[in-house]
Protein chains: 2
Amino acid sequence: MSILVVGSVALDSVETPTGCRERILGGACTYFAVAASLYDRVAMVGVVGDDFPTHHIEFLCSRDVDTSGLQCVSGKTFFWAGRYGADMGDVQTLDTQLNVFADFHPVVPPSLAASDYLFLANIDPELQLEVMAQVQRPKLVTLDSMNYWITSKRAALTRALQAVDVALLNESEVSLFTGECNLADGARQLLDLGLRALVVKRGRHGATLLARGPSGALTHFFVPAYPVEQVVDPTGAGDTFAAGFLGYLARAGGRPSLSRMRRALVHGSIIASFTIQDFSIDRLRSLTMEQIEARYAEMRKMTHFEP
Amino acid sequence: MSILVVGSVALDSVETPTGCRERILGGACTYFAVAASLYDRVAMVGVVGDDFPTHHIEFLCSRDVDTSGLQCVSGKTFFWAGRYGADMGDVQTLDTQLNVFADFHPVVPPSLAASDYLFLANIDPELQLEVMAQVQRPKLVTLDSMNYWITSKRAALTRALQAVDVALLNESEVSLFTGECNLADGARQLLDLGLRALVVKRGRHGATLLARGPSGALTHFFVPAYPVEQVVDPTGAGDTFAAGFLGYLARAGGRPSLSRMRRALVHGSIIASFTIQDFSIDRLRSLTMEQIEARYAEMRKMTHFEP
């Protein structure tokens with residue numbers, strides 16, 4: 001198995017200026033798995049309740065996603081409801097019901113312990129550490145987190161950051177974790193924990209890959225958000241960004257060099273741009289590698305300039 | 001004369017987290033002229049009072065800036081005081097004294113009427129139109145504006161936009177002027193006024209050049225803000241961005257193609273990045289074309305990726 005993802009599987013009710021949807025397929029683990037399955041074989045570790053529609057599992061299997069690590073337990077699936085404002089920026093959470101996710105402890109099936117690429121989606125860093133303890137050293141481990149864990153589980157999150165290769169955070173999270181207003185200083189502090197690279201997510205402004213060059217100096221690589229004419233539902237943008245990033249690296253194989261990570265970052269931006277063009281994972285259902293590659297070529301035109 | 005700029009010349013009192021300065025050289029016209037003088041000959045049209053220090057004029061002359069259009073009248077020079085917060089984002093205006101600028105009407109000396117490149121800095125659009133009426137058709141006219149004029153002088157601003165080639169606005173200004181939340185829709189509406197290109201300034205997120213390609217479809221070009229380790233004073237970033245943009249085009253000569261405008265946008269980002277590394281125009285005093293070109297090469301590394 002190539003890519004392993006651990007995180008939430010959810011049913012979401014979403015309101016955006018373009019429409020409403022009730023109890024649609026959601027959760028970081030789901031978004032990631034569906035998107036990454038465009039690149040390579042993916043296995044999910046998560047939990048659902050007995051209300052989780054069978055056709056979602058069938059869809060995941062149709063994408064060749066390994067669901068042997070997806071625990072199906074008695075009770076209700078994690079439920080989230082949110083509303084996006086006119087500019088699709090900050091989301092207002094209307095309801096969160098952890099349900100079966102409240103007592104979740106990830107169990108990595110032995111057949112998946114040797115996965116080459118691991119994505120620890122935004123969950124309790126103690127659970128992220130539990131996963132790390134169950135896998136053999138993958139080629140690349142990427143971690144997502146959020147303000148809540150930085151504040152409430154700082155020590156565990158620090159241990160998790162020390163154990164992974166790449167962290168995906170937004171600017172305010174870098175600032176909150178490091179206490180630095182200056183992004184470069186914050187990035188150095190995070191890289192000094194042992195990260196090979198920090199990906200700073202900037203939403204509609206794109207993302208930045210920060211790493212140390214051969215001389216030890218901080219290097220920046222910027223990718224814009226691919227410009228989408230009509231955003232339908234921003235949910236899952238960050239998770240599918242991670243899927244494009246890891247998916248590209250898994251498909252490329254070998255040790256992920258910095259130059260490969262740059263191309264991977266562009267794939268992340270592109271996959272996120274497709275995701276937000278429809279509700280749930282719907283746009284990803286019909287997405288093809290040819291469509292991804294067409295946007296990749298466009299992205300070069302949108303960013304490159306002559307000497 | 002190659003580049004003509006019309007706008008405010010000011011004395012500024014500035015507070016930032018890094019320090020305070022009293023009555024330092026400021027104003028959009030000044031920032032632009034000093035920065036653009038790195039590229040080509042510049043002439044200023046503006047007004048100062050009899051309190052304006054002679055050594056500032058001497059400095060401008062030392063940069064070969066033509067000040068024959070700079071009116072020196074009885075009274076006090078335009079004064080602005082502002083304070084920047086910890087993240088150097090939104091500035092709080094503490095004081096504005098228009099003084100001699102209140103009754104300013106630009107007069108373009110006949111010797112400057114045939115300038116090839118014209119920058120209409122952020123002033124009353126009626127004054128921008130007065131300038132347009134005094135010049136022969138330049139190769140490229142670029143206009144800056146702000147929310148205040150969009151609200152209070154909409155008709156005049158619309159006429160000015162219809163008469164120029166490139167507008168520099170930020171996202172909220174595009175949205176306010178066009179009534180479109182969607183940047184692409186807003187950009188099309190502005191381009192339909194007759195603009196060849198729209199530059200959307202995004203502050204620390206860089207800038208985007210929007211124009212129509214050969215097929216009429218909207219094209220995007222993204223440039224990040226060059227990452228500066230310590231921002232000292234953000235004042236003048238937008239005006240010196242414009243100076244890098246027009247300065248590069250003036251130095252290159254010929255008709256400004258879209259591909260040339262992309263490189264010009266990178267120069268804009270770079271000049272702005274130097275400007276904010278010191279108070280007033282101080283960093284520009286010692287800036288060299290070699291230093292600009294070094295950052296240009298770095299910017300390529302920070303944005304380019306393989307096919």
# chains A, B, ... in the order shown; residues from 1 in each chain; ligands from 1
>>> residues_around(residues="stretch 37-48 of chain A", least_positions_apart="3", cutoff="6 Å", atoms="only C-alpha atoms", output="list in words")
Ser2, Ile3, Leu4, Val5, Val6, Gly7, Ala33, Val34, Val65, Asp66, Thr67, Gly69, Leu70, Gln71, Cys72, Thr77, Gly247 and Arg251 of chain A
>>> interface_residues(of="chain B", to="chain A", cutoff="8 Å", atoms="only C-alpha atoms", output="mmCIF file with N, CA and C atoms, in the first residue's frame")
data_model
loop_
_atom_site.group_PDB
_atom_site.id
_atom_site.type_symbol
_atom_site.label_atom_id
_atom_site.label_comp_id
_atom_site.auth_asym_id
_atom_site.auth_seq_id
_atom_site.Cartn_x
_atom_site.Cartn_y
_atom_site.Cartn_z
ATOM 1 N N ALA B 86 1.061 45.626 14.961
ATOM 2 C CA ALA B 86 2.101 44.602 15.105
ATOM 3 C C ALA B 86 2.334 43.817 13.818
ATOM 4 N N ASP B 87 1.274 43.537 13.073
ATOM 5 C CA ASP B 87 1.465 42.740 11.858
ATOM 6 C C ASP B 87 1.721 43.608 10.626
ATOM 7 N N CYS B 181 -18.359 40.360 -6.012
ATOM 8 C CA CYS B 181 -17.530 39.658 -5.016
ATOM 9 C C CYS B 181 -16.445 38.865 -5.731
ATOM 10 N N ASN B 182 -16.807 38.375 -6.912
ATOM 11 C CA ASN B 182 -15.917 37.506 -7.677
ATOM 12 C C ASN B 182 -14.895 38.371 -8.421
ATOM 13 N N ALA B 184 -12.735 37.713 -10.766
ATOM 14 C CA ALA B 184 -12.694 37.569 -12.230
ATOM 15 C C ALA B 184 -13.801 38.401 -12.881
ATOM 16 N N HIS B 205 0.624 39.291 0.186
ATOM 17 C CA HIS B 205 0.375 38.133 -0.671
ATOM 18 C C HIS B 205 0.787 38.385 -2.120
ATOM 19 N N THR B 219 -6.848 36.278 -18.545
ATOM 20 C CA THR B 219 -5.608 35.609 -18.147
ATOM 21 C C THR B 219 -5.140 36.181 -16.816
ATOM 22 N N HIS B 220 -4.505 35.318 -16.027
ATOM 23 C CA HIS B 220 -3.977 35.721 -14.721
ATOM 24 C C HIS B 220 -2.459 35.553 -14.732
ATOM 25 N N PHE B 221 -1.765 36.476 -14.089
ATOM 26 C CA PHE B 221 -0.349 36.266 -13.787
ATOM 27 C C PHE B 221 -0.143 36.661 -12.326
ATOM 28 N N PHE B 222 0.444 35.746 -11.573
ATOM 29 C CA PHE B 222 0.618 35.949 -10.131
ATOM 30 C C PHE B 222 2.076 36.221 -9.797
ATOM 31 N N VAL B 223 2.305 37.204 -8.970
ATOM 32 C CA VAL B 223 3.648 37.382 -8.418
ATOM 33 C C VAL B 223 3.516 37.477 -6.897
ATOM 34 N N PRO B 224 4.350 36.726 -6.167
ATOM 35 C CA PRO B 224 4.292 36.855 -4.700
ATOM 36 C C PRO B 224 4.974 38.145 -4.264
ATOM 37 N N GLU B 229 12.565 39.807 5.579
ATOM 38 C CA GLU B 229 12.688 39.281 6.950
ATOM 39 C C GLU B 229 12.174 40.276 7.976
ATOM 40 N N GLN B 230 12.580 41.544 7.844
ATOM 41 C CA GLN B 230 12.055 42.517 8.804
ATOM 42 C C GLN B 230 11.472 43.734 8.088
ATOM 43 N N SER B 259 3.722 40.102 -21.983
ATOM 44 C CA SER B 259 4.841 39.350 -21.418
ATOM 45 C C SER B 259 5.829 40.309 -20.746
ATOM 46 N N ARG B 262 4.411 41.300 -17.377
ATOM 47 C CA ARG B 262 4.625 40.288 -16.327
ATOM 48 C C ARG B 262 5.966 40.522 -15.652
ATOM 49 N N ARG B 263 7.000 40.738 -16.460
ATOM 50 C CA ARG B 263 8.316 41.001 -15.865
ATOM 51 C C ARG B 263 8.280 42.311 -15.078
ATOM 52 N N TYR B 296 15.428 39.600 -8.497
ATOM 53 C CA TYR B 296 14.660 39.101 -9.648
ATOM 54 C C TYR B 296 15.022 37.627 -9.902
ATOM 55 N N ALA B 297 16.304 37.332 -9.864
ATOM 56 C CA ALA B 297 16.746 35.939 -10.071
ATOM 57 C C ALA B 297 16.227 35.046 -8.944
ATOM 58 N N ARG B 300 12.553 34.159 -9.433
ATOM 59 C CA ARG B 300 12.328 33.065 -10.379
ATOM 60 C C ARG B 300 12.443 31.715 -9.661
ATOM 61 N N LYS B 301 13.455 31.607 -8.811
ATOM 62 C CA LYS B 301 13.631 30.346 -8.060
ATOM 63 C C LYS B 301 12.464 30.083 -7.111
ATOM 64 N N MET B 302 11.863 31.174 -6.616
ATOM 65 C CA MET B 302 10.779 31.043 -5.634
ATOM 66 C C MET B 302 9.426 30.730 -6.267
ATOM 67 N N THR B 303 9.358 30.807 -7.599
ATOM 68 C CA THR B 303 8.048 30.651 -8.248
ATOM 69 C C THR B 303 8.039 29.625 -9.374
ATOM 70 N N HIS B 304 9.211 29.319 -9.930
ATOM 71 C CA HIS B 304 9.217 28.435 -11.098
ATOM 72 C C HIS B 304 9.263 26.970 -10.674
ATOM 73 N N PHE B 305 8.646 26.134 -11.491
ATOM 74 C CA PHE B 305 8.668 24.693 -11.227
ATOM 75 C C PHE B 305 8.700 23.968 -12.559
ATOM 76 N N GLU B 306 9.168 22.739 -12.502
ATOM 77 C CA GLU B 306 9.378 21.964 -13.733
ATOM 78 C C GLU B 306 8.064 21.439 -14.307
ATOM 79 N N PRO B 307 8.069 21.137 -15.609
ATOM 80 C CA PRO B 307 6.831 20.621 -16.243
ATOM 81 C C PRO B 307 6.428 19.280 -15.644
#
>>> select_by_dssp(residues="stretch 144-240 of chain A", states="strand (DSSP E)", output="PyMOL selection string")
chain A and resi 144+166-170+197-201+207-212+218-223
>>> select_by_dssp(residues="stretch 25-253 of chain B", states="helix (DSSP H, G or I)", output="ChimeraX atom specification")
/B:28-36,54-62,99-103,110-112,125-132,147-152,154-163,171-178,183-191,203-205,237-252
>>> atom_distance(atom1="atom CA of A:Phe245", atom2="atom CA of A:Ala36")
8.7 Å
>>> residues_around(residues="A:Asp90", least_positions_apart="2", cutoff="12 Å", atoms="only C-alpha atoms", output="JSON, numbers by chain")
{"A": [16, 82, 83, 84, 85, 86, 87, 88, 92, 93, 203, 204, 234, 235]}
>>> write_last_selection(atoms="C-alpha atoms", output="tab-separated table (two decimals), in the first residue's frame")
chain	number	residue	atom	x	y	z
A	16	THR	CA	-22.85	28.25	1.04
A	82	GLY	CA	-21.36	24.82	8.78
A	83	ARG	CA	-22.21	27.96	6.89
A	84	TYR	CA	-19.94	29.96	4.58
A	85	GLY	CA	-20.37	33.73	4.11
A	86	ALA	CA	-20.54	35.69	0.86
A	87	ASP	CA	-16.77	35.74	0.30
A	88	MET	CA	-16.43	32.00	1.11
A	92	GLN	CA	-19.30	29.45	10.89
A	93	THR	CA	-19.72	26.07	12.60
A	203	GLY	CA	-6.39	29.96	1.28
A	204	ARG	CA	-7.30	31.98	-1.81
A	234	PRO	CA	-14.69	25.40	0.14
A	235	THR	CA	-14.96	22.40	2.49
>>> atom_distance(atom1="atom CA of A:Phe32", atom2="atom CA of A:Gly194")
24.5 Å
